[in-house]
>>> print(open('entry.txt').read())   # compact mmCIF, C-alpha atoms and all ligand atoms
# COMPACT_ATOMS: atom_id res chain seq x y z
CA MET D 236 -68.39 64.90 -65.38
CA THR D 237 -70.77 63.68 -68.06
CA ARG D 238 -74.11 65.35 -67.84
CA ILE D 239 -76.87 64.58 -70.33
CA TYR D 240 -77.86 66.97 -73.11
CA ASP D 241 -81.14 68.31 -71.71
CA GLU D 242 -82.72 68.64 -75.16
CA ASP D 243 -82.47 64.84 -75.63
CA LEU D 244 -85.15 64.38 -72.96
CA LYS D 245 -87.97 65.59 -75.19
CA TYR D 246 -87.83 62.39 -77.25
CA GLY D 247 -89.37 58.97 -76.66
CA PHE D 248 -87.40 55.99 -75.36
CA SER D 249 -86.53 54.36 -78.70
CA THR D 250 -85.53 57.68 -80.24
CA ARG D 251 -83.30 58.44 -77.26
CA GLY D 252 -81.73 54.98 -77.53
CA ILE D 253 -80.69 55.77 -81.11
CA HIS D 254 -79.75 59.45 -80.83
CA ALA D 255 -79.26 60.63 -77.25
CA GLY D 256 -75.77 61.72 -76.28
CA GLN D 257 -74.58 61.77 -79.88
CA ARG D 258 -74.17 64.57 -82.39
CA PRO D 259 -72.80 64.24 -85.94
CA ASP D 260 -69.02 64.66 -85.78
CA PRO D 261 -68.33 68.39 -86.33
CA THR D 262 -65.18 67.85 -88.40
CA THR D 263 -66.49 65.17 -90.83
CA GLY D 264 -70.25 64.91 -90.36
CA ALA D 265 -69.91 61.20 -89.52
CA ILE D 266 -73.28 60.05 -88.19
CA MET D 267 -71.65 57.49 -85.90
CA PRO D 268 -69.63 58.87 -83.00
CA PRO D 269 -65.94 58.29 -83.79
CA ILE D 270 -63.93 55.87 -81.67
CA VAL D 271 -61.59 58.45 -80.18
CA GLN D 272 -58.63 56.17 -79.59
CA THR D 273 -56.27 58.51 -77.81
CA SER D 274 -54.69 58.79 -74.38
CA THR D 275 -54.28 62.56 -74.34
CA PHE D 276 -55.59 65.73 -75.97
CA VAL D 277 -53.38 68.59 -77.14
CA GLN D 278 -53.90 71.82 -75.23
CA GLU D 279 -53.93 75.12 -77.12
CA ALA D 280 -52.21 76.95 -74.28
CA LEU D 281 -51.72 76.46 -70.58
CA GLY D 282 -55.18 75.76 -69.16
CA VAL D 283 -56.89 76.10 -72.56
CA ASN D 284 -58.46 72.93 -74.00
CA LYS D 285 -61.61 71.65 -75.66
CA GLY D 286 -62.92 70.03 -72.46
CA TYR D 287 -60.64 66.98 -72.70
CA GLU D 288 -57.20 66.58 -71.15
CA TYR D 289 -56.23 63.00 -70.29
CA ALA D 290 -58.52 60.15 -71.28
CA ARG D 291 -58.76 58.49 -67.86
CA GLY D 292 -60.87 61.48 -66.80
CA THR D 293 -63.05 61.85 -69.90
CA ASN D 294 -63.17 60.54 -73.45
CA PRO D 295 -65.72 61.68 -76.06
CA THR D 296 -66.78 58.16 -77.14
CA ARG D 297 -67.26 57.13 -73.52
CA GLN D 298 -69.17 60.35 -72.85
CA ALA D 299 -71.58 59.63 -75.70
CA LEU D 300 -72.38 56.25 -74.08
CA GLU D 301 -72.71 57.83 -70.64
CA ARG D 302 -75.13 60.49 -71.86
CA ASN D 303 -77.10 57.96 -73.84
CA VAL D 304 -77.69 55.50 -70.99
CA ALA D 305 -78.27 58.31 -68.47
CA THR D 306 -81.24 59.55 -70.51
CA LEU D 307 -82.59 55.99 -70.89
CA GLU D 308 -82.56 55.51 -67.11
CA GLY D 309 -84.07 58.94 -66.49
CA GLY D 310 -80.97 60.22 -64.67
CA ARG D 311 -78.69 63.19 -65.32
CA HIS D 312 -75.18 61.76 -65.09
CA GLY D 313 -73.63 58.57 -66.44
CA PHE D 314 -70.33 56.88 -65.61
CA ALA D 315 -69.07 54.00 -67.73
CA PHE D 316 -66.69 51.37 -66.34
CA SER D 317 -64.49 48.59 -67.63
CA SER D 318 -66.85 45.92 -66.21
CA GLY D 319 -69.98 45.59 -64.11
CA MET D 320 -67.76 44.62 -61.18
CA GLY D 321 -65.50 47.63 -61.73
CA CYS D 322 -68.65 49.75 -61.58
CA THR D 323 -69.84 48.18 -58.30
CA ASP D 324 -66.36 48.53 -56.79
CA SER D 325 -66.18 52.22 -57.75
CA ILE D 326 -69.66 52.90 -56.32
CA MET D 327 -68.56 51.31 -53.02
CA LYS D 328 -65.62 53.73 -52.90
CA LEU D 329 -68.19 56.43 -52.07
CA LEU D 330 -68.14 54.84 -48.58
CA LYS D 331 -65.51 54.94 -45.87
CA GLY D 332 -64.29 52.47 -43.23
CA GLY D 333 -66.92 51.82 -40.57
CA ASP D 334 -69.88 52.29 -42.93
CA HIS D 335 -72.55 49.62 -43.13
CA VAL D 336 -74.33 48.32 -46.24
CA ILE D 337 -77.56 46.31 -46.45
CA CYS D 338 -77.40 44.05 -49.49
CA GLY D 339 -79.90 41.70 -51.08
CA GLU D 340 -78.98 38.11 -50.21
CA ASN D 341 -79.69 37.02 -53.77
CA VAL D 342 -77.43 39.47 -55.63
CA TYR D 343 -75.07 38.47 -58.44
CA GLY D 344 -72.46 36.02 -57.12
CA GLY D 345 -69.59 38.34 -58.06
CA THR D 346 -71.14 41.19 -56.09
CA TYR D 347 -71.38 38.99 -52.99
CA ARG D 348 -67.78 37.83 -53.52
CA LEU D 349 -66.49 41.43 -53.84
CA PHE D 350 -68.20 42.41 -50.57
CA ASP D 351 -67.48 39.24 -48.61
CA LYS D 352 -63.94 38.45 -49.77
CA ILE D 353 -62.48 41.93 -50.36
CA LEU D 354 -64.37 45.00 -49.19
CA GLN D 355 -65.19 43.80 -45.70
CA HIS D 356 -61.42 43.72 -45.07
CA PHE D 357 -61.40 47.48 -45.70
CA GLY D 358 -63.66 48.15 -42.71
CA LEU D 359 -67.01 48.11 -44.51
CA SER D 360 -69.65 45.83 -43.04
CA PHE D 361 -72.45 44.08 -44.89
CA THR D 362 -75.75 42.54 -43.84
CA PHE D 363 -77.34 40.27 -46.44
CA VAL D 364 -81.12 40.12 -46.23
CA ASP D 365 -84.09 38.88 -48.22
CA THR D 366 -85.14 42.20 -49.77
CA ARG D 367 -88.47 40.79 -51.00
CA ASP D 368 -89.70 42.00 -47.61
CA ALA D 369 -88.97 45.71 -46.99
CA GLN D 370 -89.40 45.11 -43.26
CA ARG D 371 -86.28 42.91 -43.32
CA ILE D 372 -84.34 45.85 -44.78
CA ALA D 373 -85.72 48.14 -42.06
CA ASP D 374 -84.79 45.59 -39.37
CA ALA D 375 -81.17 45.51 -40.59
CA VAL D 376 -80.66 49.29 -40.39
CA THR D 377 -77.97 50.48 -37.96
CA PRO D 378 -76.76 54.04 -37.20
CA LYS D 379 -73.87 53.29 -39.62
CA THR D 380 -76.04 52.21 -42.60
CA ARG D 381 -75.14 54.29 -45.66
CA MET D 382 -76.33 52.15 -48.56
CA VAL D 383 -79.03 49.64 -49.43
CA LEU D 384 -78.12 47.64 -52.53
CA VAL D 385 -80.68 45.49 -54.32
CA GLU D 386 -81.05 43.58 -57.55
CA THR D 387 -84.49 42.90 -59.01
CA PRO D 388 -85.37 40.49 -60.52
CA THR D 389 -82.62 38.41 -58.92
CA ASN D 390 -80.36 35.91 -60.56
CA PRO D 391 -81.29 33.05 -60.96
CA LEU D 392 -84.54 32.83 -58.94
CA MET D 393 -86.24 35.96 -60.28
CA ARG D 394 -87.22 37.29 -56.87
CA ILE D 395 -88.64 40.81 -56.89
CA THR D 396 -87.88 43.70 -54.56
CA ASP D 397 -90.42 46.50 -54.22
CA LEU D 398 -88.23 49.45 -55.27
CA LYS D 399 -90.50 52.17 -53.88
CA ALA D 400 -90.66 50.46 -50.49
CA ALA D 401 -86.88 49.88 -50.48
CA ALA D 402 -86.25 53.55 -51.35
CA GLU D 403 -88.51 54.66 -48.53
CA VAL D 404 -86.69 52.50 -45.97
CA ALA D 405 -83.24 53.54 -47.25
CA HIS D 406 -84.03 57.24 -47.24
CA LYS D 407 -85.61 57.13 -43.80
CA ALA D 408 -82.31 55.65 -42.59
CA GLY D 409 -80.33 58.39 -44.36
CA ALA D 410 -78.90 55.80 -46.78
CA LEU D 411 -78.69 55.66 -50.57
CA LEU D 412 -80.64 53.09 -52.57
CA ILE D 413 -78.42 51.44 -55.20
CA VAL D 414 -80.11 49.21 -57.79
CA ASP D 415 -78.55 46.69 -60.16
CA ASN D 416 -80.89 46.96 -63.17
CA THR D 417 -78.98 44.53 -65.43
CA PHE D 418 -81.79 41.97 -65.74
CA ALA D 419 -84.74 44.28 -66.37
CA THR D 420 -82.97 47.06 -68.36
CA PRO D 421 -84.44 50.58 -68.54
CA VAL D 422 -86.83 49.31 -71.20
CA PHE D 423 -88.82 47.45 -68.54
CA GLN D 424 -87.85 49.06 -65.24
CA ARG D 425 -86.60 52.53 -64.27
CA PRO D 426 -85.47 52.47 -60.64
CA ILE D 427 -84.68 56.21 -60.48
CA GLU D 428 -88.40 56.90 -61.01
CA SER D 429 -89.06 54.69 -57.96
CA GLY D 430 -86.59 56.61 -55.80
CA ALA D 431 -83.22 54.89 -56.43
CA ASP D 432 -80.18 57.15 -56.00
CA ILE D 433 -77.84 55.15 -58.23
CA VAL D 434 -78.80 52.58 -60.85
CA TYR D 435 -76.13 50.44 -62.47
CA HIS D 436 -75.64 47.76 -65.07
CA SER D 437 -73.31 45.20 -66.38
CA THR D 438 -73.39 46.59 -69.95
CA THR D 439 -71.88 43.22 -70.91
CA LYS D 440 -75.44 41.88 -70.86
CA TYR D 441 -78.58 43.40 -72.45
CA LEU D 442 -77.33 46.97 -73.00
CA ASN D 443 -74.59 45.83 -75.32
CA GLY D 444 -76.60 42.77 -76.27
CA HIS D 445 -74.14 41.15 -78.68
CA SER D 446 -71.80 39.30 -76.30
CA ASP D 447 -68.75 41.10 -77.63
CA MET D 448 -67.49 43.28 -74.77
CA ILE D 449 -67.32 43.60 -70.97
CA GLY D 450 -68.47 46.81 -69.30
CA GLY D 451 -70.49 48.53 -66.62
CA ILE D 452 -72.34 51.80 -66.21
CA ALA D 453 -73.81 53.80 -63.32
CA VAL D 454 -76.48 56.49 -63.65
CA LEU D 455 -77.53 59.01 -61.04
CA THR D 456 -79.29 62.33 -60.65
CA ASP D 457 -77.72 64.19 -57.73
CA ASP D 458 -74.98 66.64 -58.84
CA ASP D 459 -72.87 66.36 -55.67
CA LEU D 460 -72.94 62.57 -55.67
CA ALA D 461 -72.01 62.66 -59.39
CA ALA D 462 -69.04 64.93 -58.66
CA ARG D 463 -67.82 62.46 -56.04
CA LEU D 464 -68.19 59.53 -58.43
CA GLN D 465 -66.37 61.45 -61.19
CA PHE D 466 -63.52 61.99 -58.74
CA ILE D 467 -63.41 58.22 -58.08
CA VAL D 468 -63.53 57.46 -61.83
CA ASN D 469 -60.49 59.65 -62.44
CA ALA D 470 -58.64 58.70 -59.24
CA ALA D 471 -59.24 54.92 -59.32
CA GLY D 472 -59.42 54.54 -63.11
CA ALA D 473 -61.75 51.56 -63.74
CA ILE D 474 -62.73 53.04 -67.11
CA PRO D 475 -63.63 51.29 -70.39
CA GLY D 476 -61.67 51.87 -73.56
CA PRO D 477 -63.22 53.85 -76.42
CA PHE D 478 -63.87 50.79 -78.58
CA ASP D 479 -65.82 48.96 -75.86
CA SER D 480 -67.72 52.17 -75.14
CA TRP D 481 -68.58 52.40 -78.83
CA LEU D 482 -69.78 48.78 -78.96
CA ALA D 483 -72.07 49.36 -75.98
CA LEU D 484 -73.39 52.52 -77.61
CA ARG D 485 -74.13 50.63 -80.79
CA GLY D 486 -75.99 48.12 -78.62
CA THR D 487 -78.29 50.65 -77.00
CA LYS D 488 -79.57 51.75 -80.42
CA THR D 489 -81.45 48.46 -80.71
CA LEU D 490 -82.12 47.91 -77.00
CA ALA D 491 -85.86 48.63 -77.14
CA LEU D 492 -86.29 46.44 -80.25
CA ARG D 493 -84.29 43.56 -78.81
CA MET D 494 -86.01 43.66 -75.43
CA ARG D 495 -89.43 43.39 -77.07
CA GLN D 496 -88.29 40.19 -78.76
CA HIS D 497 -86.53 38.79 -75.66
CA ASP D 498 -89.76 39.43 -73.77
CA ALA D 499 -92.04 37.85 -76.37
CA ASN D 500 -89.81 34.78 -76.65
CA GLY D 501 -89.35 34.62 -72.86
CA ARG D 502 -93.09 34.61 -72.20
CA GLU D 503 -93.73 31.84 -74.69
CA ILE D 504 -90.92 29.65 -73.44
CA ALA D 505 -91.83 30.17 -69.77
CA ALA D 506 -95.41 29.18 -70.53
CA TRP D 507 -94.25 26.08 -72.42
CA LEU D 508 -91.92 25.07 -69.58
CA ALA D 509 -94.66 25.59 -66.98
CA LYS D 510 -96.92 23.27 -68.94
CA ARG D 511 -94.12 20.71 -69.36
CA VAL D 512 -92.78 20.52 -65.79
CA GLY D 513 -95.36 22.40 -63.67
CA ASP D 514 -95.74 26.03 -62.59
CA ASP D 515 -93.87 25.55 -59.33
CA ARG D 516 -90.65 24.53 -61.10
CA VAL D 517 -90.40 27.53 -63.45
CA PHE D 518 -89.04 30.88 -62.25
CA TYR D 519 -90.20 33.79 -64.43
CA ALA D 520 -91.78 36.98 -63.09
CA GLY D 521 -94.11 37.14 -66.10
CA LEU D 522 -95.91 33.91 -65.16
CA PRO D 523 -99.16 34.51 -63.26
CA SER D 524 -98.05 31.67 -60.94
CA HIS D 525 -94.93 33.63 -59.85
CA PRO D 526 -95.55 34.48 -56.18
CA GLN D 527 -94.72 38.15 -56.80
CA HIS D 528 -96.30 38.48 -60.24
CA ALA D 529 -98.57 41.34 -59.12
CA LEU D 530 -95.63 43.40 -57.83
CA ALA D 531 -93.56 42.58 -60.92
CA LYS D 532 -96.42 43.77 -63.14
CA LYS D 533 -96.67 46.98 -61.15
CA GLN D 534 -93.03 48.00 -61.32
CA MET D 535 -91.95 46.42 -64.62
CA SER D 536 -93.46 46.87 -68.09
CA GLY D 537 -92.04 43.57 -69.37
CA PHE D 538 -90.13 40.56 -68.08
CA GLY D 539 -87.44 39.86 -70.65
CA GLY D 540 -85.78 36.56 -71.47
CA MET D 541 -84.35 35.25 -68.19
CA ILE D 542 -85.98 32.04 -67.00
CA SER D 543 -84.87 29.37 -64.52
CA VAL D 544 -86.22 25.85 -64.37
CA GLU D 545 -85.84 23.27 -61.61
CA MET D 546 -84.77 19.93 -63.13
CA GLN D 547 -84.61 18.30 -59.67
CA THR D 548 -81.26 16.53 -60.00
CA LYS D 549 -77.83 17.55 -61.26
CA GLU D 550 -77.91 14.58 -63.67
CA LYS D 551 -81.17 15.73 -65.29
CA ALA D 552 -79.86 19.30 -65.48
CA GLY D 553 -76.66 18.02 -67.11
CA GLU D 554 -78.61 15.95 -69.60
CA LEU D 555 -80.71 18.92 -70.65
CA LEU D 556 -77.59 21.07 -71.12
CA LYS D 557 -76.06 18.37 -73.27
CA ARG D 558 -79.11 17.76 -75.43
CA VAL D 559 -79.89 21.31 -76.59
CA ARG D 560 -78.59 22.42 -80.00
CA VAL D 561 -79.78 26.02 -80.49
CA PHE D 562 -79.13 27.08 -76.88
CA SER D 563 -75.38 27.24 -76.13
CA LEU D 564 -73.90 26.16 -72.81
CA ALA D 565 -72.23 29.30 -71.45
CA GLU D 566 -72.15 31.79 -68.60
CA SER D 567 -73.44 35.32 -69.16
CA LEU D 568 -76.79 36.46 -70.49
CA GLY D 569 -78.57 39.18 -72.40
CA GLY D 570 -77.07 38.60 -75.85
CA VAL D 571 -79.04 38.03 -79.03
CA GLU D 572 -78.17 34.33 -78.89
CA SER D 573 -79.85 31.94 -76.45
CA LEU D 574 -77.69 30.55 -73.66
CA ILE D 575 -78.26 27.82 -71.10
CA SER D 576 -76.32 27.42 -67.87
CA HIS D 577 -76.07 25.61 -64.54
CA PRO D 578 -75.92 28.32 -61.83
CA ALA D 579 -74.66 26.03 -59.02
CA SER D 580 -71.47 25.16 -60.90
CA MET D 581 -71.13 28.27 -63.07
CA THR D 582 -72.34 31.76 -61.99
CA HIS D 583 -72.73 30.72 -58.33
CA ALA D 584 -69.69 28.47 -58.04
CA SER D 585 -67.98 31.09 -55.85
CA VAL D 586 -70.86 30.95 -53.32
CA GLU D 587 -70.32 28.34 -50.57
CA PRO D 588 -72.57 25.25 -50.99
CA ALA D 589 -74.46 25.84 -47.71
CA ARG D 590 -75.25 29.43 -48.66
CA ARG D 591 -76.22 28.33 -52.17
CA ALA D 592 -78.67 25.82 -50.74
CA ALA D 593 -80.13 28.43 -48.38
CA LEU D 594 -80.68 30.75 -51.37
CA GLY D 595 -82.50 28.03 -53.31
CA VAL D 596 -79.79 27.65 -55.96
CA THR D 597 -80.06 23.87 -56.12
CA ASP D 598 -77.95 21.45 -58.13
CA GLY D 599 -80.96 20.79 -60.36
CA LEU D 600 -81.50 24.43 -61.34
CA VAL D 601 -80.95 25.40 -64.98
CA ARG D 602 -81.00 28.99 -66.21
CA LEU D 603 -81.98 30.11 -69.70
CA SER D 604 -81.09 33.41 -71.30
CA VAL D 605 -83.63 33.41 -74.09
CA GLY D 606 -82.29 35.19 -77.16
CA VAL D 607 -84.05 36.75 -80.14
CA GLU D 608 -83.99 33.76 -82.51
CA ASP D 609 -87.24 32.44 -84.03
CA VAL D 610 -89.20 31.23 -81.04
CA GLY D 611 -90.28 28.10 -82.95
CA ASP D 612 -86.66 27.02 -83.20
CA LEU D 613 -86.11 27.58 -79.47
CA LEU D 614 -89.28 25.69 -78.53
CA GLY D 615 -88.38 22.88 -80.94
CA ASP D 616 -84.92 22.68 -79.39
CA LEU D 617 -86.33 22.40 -75.86
CA GLU D 618 -89.01 19.97 -76.97
CA SER D 619 -86.54 17.51 -78.44
CA ALA D 620 -84.14 17.96 -75.51
CA PHE D 621 -86.90 17.26 -72.95
CA ALA D 622 -88.32 14.36 -74.98
CA GLY D 623 -85.04 12.48 -74.69
CA LEU D 624 -84.58 12.96 -70.93
CA THR D 625 -84.32 9.71 -69.03
C1 LIG O 701 -72.78 40.02 -65.04
C2 LIG O 701 -73.40 40.76 -63.92
C3 LIG O 701 -72.66 41.62 -63.11
C4 LIG O 701 -71.16 41.79 -63.27
O1 LIG O 701 -70.86 42.39 -64.48
P1 LIG O 701 -69.49 42.09 -65.32
O2 LIG O 701 -69.68 42.95 -66.53
O3 LIG O 701 -69.46 40.64 -65.62
O4 LIG O 701 -68.35 42.51 -64.47
C5 LIG O 701 -73.33 42.30 -62.11
N1 LIG O 701 -74.66 42.14 -61.90
C6 LIG O 701 -75.40 41.32 -62.66
C7 LIG O 701 -76.86 41.17 -62.39
C8 LIG O 701 -74.81 40.59 -63.69
O5 LIG O 701 -75.55 39.76 -64.43
>>> encode(input="entry.txt", output="structure tokens")
Amino acid sequence: MTRIYDEDLKYGFSTRGIHAGQRPDPTTGAIMPPIVQTSTFVQEALGVNKGYEYARGTNPTRQALERNVATLEGGRHGFAFSSGMGCTDSIMKLLKGGDHVICGENVYGGTYRLFDKILQHFGLSFTFVDTRDAQRIADAVTPKTRMVLVETPTNPLMRITDLKAAAEVAHKAGALLIVDNTFATPVFQRPIESGADIVYHSTTKYLNGHSDMIGGIAVLTDDDLAARLQFIVNAAGAIPGPFDSWLALRGTKTLALRMRQHDANGREIAAWLAKRVGDDRVFYAGLPSHPQHALAKKQMSGFGGMISVEMQTKEKAGELLKRVRVFSLAESLGGVESLISHPASMTHASVEPARRAALGVTDGLVRLSVGVEDVGDLLGDLESAFAGLT
């Protein structure tokens, strides 16, 4: 079980991002943690080892990442996974048949698909609610409710859930609050400080930040819950390899720096879009016109680079996607490069059309993952793309 080094906690966020969980390699002095590419570890005698046996259970490179992100989120234990979905799936294995989960209706499409198409056939039941209103969560509680799972801001409509209120409702029901913090990152939002029991990420996105690996990570505080999750990690085995762990760890060293730039660029581009097409067609929690801007400002210290814009028709959306040159048309988000996508046919393609419509994911919606390029180049790209729209 990977527990943080307590002494790392005395440092500030950026310092922890660079150093926490890592110590110079004792055999060579290498400042970067080695990629320990091995399946097993030689034992000195029966039952005598250096804390490592078989790498499904623990691996030093993976542990460095786990300790690092655990300190960033303000938790005590970290568990890295082979993908964000592998992480969610392993967290759900804390439950047993008959248990009930309340889930935000606007969560990542893959999370909804995992619950709706797979896990409900294992005897788990799910109620999907609009978690913007904590009362709706409270109304969905049953005697079997064991988890409340929320994502905030949501993808792609940037809806905000009040984490403190959600934690209160969950705990009153005897349930755990699980928070997907992929969009905000610990730079801007720390759910554990608001009462979350488990916070998790697709490290594929901002934590890694360079679009060159797939991974997930969960962070928690409670020792017993951590022991149960460690058992699942070892028993079910959805672990990342050492190289991917190392890439994610390299990413977190610049997380604070990158997020500052994503945020600065995001604010400028959201403001430009709002002026171009009108406040009501731009979804960004940092805009004063966002209906939950006050709550977002209270629980987040920045808003990052995720913006959605309503282009009103699929044709207009398609034209915009075709006309940009600096933004690349691709799924995913959170990398240094700017991406543009069409949620209805890309990230939310697995959600049935009627449900998509009910969620507000229209055919005209376009999502931007604003990168860290020069903002003038991004604005210029959008300006010329919009100017040519028919
Ligand atoms: C991408 C994503 C996931 C899934 O993560 P993978 O690494 O792609 O498996 C989960 N939640 C959110 C918010 C995401 O953006």
>>> closest_atom_pairs(input="entry.txt", of="chain D", to="ligand LIG 701 (chain O)", cutoff="10 Å", atoms="only C-alpha atoms and all ligand atoms", output="tab-separated table")
residue	atom	partner	partner_atom	distance
D:Phe316	CA	O:LIG701	O2	8.9
D:Ser317	CA	O:LIG701	O2	7.7
D:Ser318	CA	O:LIG701	O4	4.1
D:Gly319	CA	O:LIG701	O1	3.3
D:Met320	CA	O:LIG701	O4	4.0
D:Gly321	CA	O:LIG701	O4	6.5
D:Cys322	CA	O:LIG701	O4	7.8
D:Thr323	CA	O:LIG701	C5	7.8
D:Asp324	CA	O:LIG701	O4	10.0
D:Asn341	CA	O:LIG701	C7	10.0
D:Val342	CA	O:LIG701	C7	7.0
D:Tyr343	CA	O:LIG701	N1	5.1
D:Gly344	CA	O:LIG701	C5	8.1
D:Gly345	CA	O:LIG701	C4	6.4
D:Thr346	CA	O:LIG701	C5	6.5
D:Tyr347	CA	O:LIG701	C5	9.9
D:Val385	CA	O:LIG701	C7	9.9
D:Glu386	CA	O:LIG701	C7	6.8
D:Thr387	CA	O:LIG701	C7	8.5
D:Pro388	CA	O:LIG701	C7	8.7
D:Thr389	CA	O:LIG701	C7	7.3
D:Asn390	CA	O:LIG701	C7	6.6
D:Pro391	CA	O:LIG701	C7	9.4
D:Val414	CA	O:LIG701	C7	9.8
D:Asp415	CA	O:LIG701	C7	6.2
D:Asn416	CA	O:LIG701	C7	7.1
D:Thr417	CA	O:LIG701	C7	5.0
D:Phe418	CA	O:LIG701	C7	6.0
D:Ala419	CA	O:LIG701	C7	9.4
D:Tyr435	CA	O:LIG701	N1	8.4
D:His436	CA	O:LIG701	N1	6.5
D:Ser437	CA	O:LIG701	O1	4.2
D:Thr438	CA	O:LIG701	O2	6.2
D:Thr439	CA	O:LIG701	O2	4.9
D:Lys440	CA	O:LIG701	C1	6.7
D:Tyr441	CA	O:LIG701	O5	9.3
D:Met448	CA	O:LIG701	O2	8.5
D:Ile449	CA	O:LIG701	O2	5.1
D:Gly450	CA	O:LIG701	O2	4.9
D:Gly451	CA	O:LIG701	O2	5.6
D:Ile452	CA	O:LIG701	O2	9.2
D:Glu566	CA	O:LIG701	C1	9.0
D:Ser567	CA	O:LIG701	C1	6.3
D:Leu568	CA	O:LIG701	O5	7.0
D:Gly569	CA	O:LIG701	O5	8.5
D:Thr582	CA	O:LIG701	C1	8.8
>>> closest_residue(input="entry.txt", among="D:Leu574, D:Ala499, D:Leu384, D:Met546", to="Leu600 of chain D", atoms="all atoms listed in the file")
D:Met546
>>> closest_atom_pairs(input="entry.txt", of="segment 467-578 of chain D", to="segment 610-623 of chain D", cutoff="7 Å", atoms="all atoms listed in the file", output="tab-separated table")
residue	atom	partner	partner_atom	distance
D:Asn500	CA	D:Val610	CA	5.7
D:Ile504	CA	D:Leu614	CA	6.7
D:Leu555	CA	D:Ala620	CA	6.0
D:Arg558	CA	D:Ala620	CA	5.0
D:Val559	CA	D:Ala620	CA	5.5
D:Arg560	CA	D:Asp616	CA	6.4
D:Val561	CA	D:Asp616	CA	6.2
>>> closest_residue(input="entry.txt", among="D:Val336, D:Leu490, D:Leu594, D:His577", to="Val607 of chain D", atoms="all atoms listed in the file")
D:Leu490
>>> atom_distance(input="entry.txt", atom1="atom CA of Ala408 of chain D", atom2="atom CA of Glu308 of chain D")
24.5 Å
>>> build_atoms(input="entry.txt", residues="segment 532-547 of chain D", atoms="N, CA and C atoms", output="PDB file, in the coordinates of the input")
ATOM      1  N   LYS D 532     -95.612  43.094 -62.125  1.00  0.00           N
ATOM      2  CA  LYS D 532     -96.420  43.770 -63.140  1.00  0.00           C
ATOM      3  C   LYS D 532     -96.540  45.265 -62.852  1.00  0.00           C
ATOM      4  N   LYS D 533     -96.537  45.586 -61.561  1.00  0.00           N
ATOM      5  CA  LYS D 533     -96.670  46.980 -61.150  1.00  0.00           C
ATOM      6  C   LYS D 533     -95.398  47.783 -61.441  1.00  0.00           C
ATOM      7  N   GLN D 534     -94.230  47.186 -61.168  1.00  0.00           N
ATOM      8  CA  GLN D 534     -93.030  48.000 -61.320  1.00  0.00           C
ATOM      9  C   GLN D 534     -92.220  47.711 -62.589  1.00  0.00           C
ATOM     10  N   MET D 535     -92.645  46.717 -63.368  1.00  0.00           N
ATOM     11  CA  MET D 535     -91.950  46.420 -64.620  1.00  0.00           C
ATOM     12  C   MET D 535     -92.982  46.444 -65.763  1.00  0.00           C
ATOM     13  N   SER D 536     -92.531  46.866 -66.966  1.00  0.00           N
ATOM     14  CA  SER D 536     -93.460  46.870 -68.090  1.00  0.00           C
ATOM     15  C   SER D 536     -93.226  45.671 -69.005  1.00  0.00           C
ATOM     16  N   GLY D 537     -92.292  44.796 -68.631  1.00  0.00           N
ATOM     17  CA  GLY D 537     -92.040  43.570 -69.370  1.00  0.00           C
ATOM     18  C   GLY D 537     -91.114  42.720 -68.540  1.00  0.00           C
ATOM     19  N   PHE D 538     -90.865  41.477 -68.953  1.00  0.00           N
ATOM     20  CA  PHE D 538     -90.130  40.560 -68.080  1.00  0.00           C
ATOM     21  C   PHE D 538     -88.869  39.982 -68.721  1.00  0.00           C
ATOM     22  N   GLY D 539     -88.685  40.240 -70.008  1.00  0.00           N
ATOM     23  CA  GLY D 539     -87.440  39.860 -70.650  1.00  0.00           C
ATOM     24  C   GLY D 539     -87.291  38.368 -70.905  1.00  0.00           C
ATOM     25  N   GLY D 540     -86.044  37.931 -71.023  1.00  0.00           N
ATOM     26  CA  GLY D 540     -85.780  36.560 -71.470  1.00  0.00           C
ATOM     27  C   GLY D 540     -85.095  35.672 -70.457  1.00  0.00           C
ATOM     28  N   MET D 541     -85.027  36.084 -69.191  1.00  0.00           N
ATOM     29  CA  MET D 541     -84.350  35.250 -68.190  1.00  0.00           C
ATOM     30  C   MET D 541     -85.353  34.345 -67.487  1.00  0.00           C
ATOM     31  N   ILE D 542     -85.074  33.042 -67.575  1.00  0.00           N
ATOM     32  CA  ILE D 542     -85.980  32.040 -67.000  1.00  0.00           C
ATOM     33  C   ILE D 542     -85.124  30.976 -66.303  1.00  0.00           C
ATOM     34  N   SER D 543     -85.542  30.517 -65.127  1.00  0.00           N
ATOM     35  CA  SER D 543     -84.870  29.370 -64.520  1.00  0.00           C
ATOM     36  C   SER D 543     -85.876  28.237 -64.385  1.00  0.00           C
ATOM     37  N   VAL D 544     -85.351  27.024 -64.473  1.00  0.00           N
ATOM     38  CA  VAL D 544     -86.220  25.850 -64.370  1.00  0.00           C
ATOM     39  C   VAL D 544     -85.553  24.812 -63.469  1.00  0.00           C
ATOM     40  N   GLU D 545     -86.343  24.261 -62.560  1.00  0.00           N
ATOM     41  CA  GLU D 545     -85.840  23.270 -61.610  1.00  0.00           C
ATOM     42  C   GLU D 545     -85.947  21.882 -62.253  1.00  0.00           C
ATOM     43  N   MET D 546     -84.787  21.252 -62.510  1.00  0.00           N
ATOM     44  CA  MET D 546     -84.770  19.930 -63.130  1.00  0.00           C
ATOM     45  C   MET D 546     -84.655  18.807 -62.088  1.00  0.00           C
ATOM     46  N   GLN D 547     -84.562  19.196 -60.840  1.00  0.00           N
ATOM     47  CA  GLN D 547     -84.610  18.300 -59.670  1.00  0.00           C
ATOM     48  C   GLN D 547     -83.328  17.542 -59.334  1.00  0.00           C
TER      49      GLN D 547
END
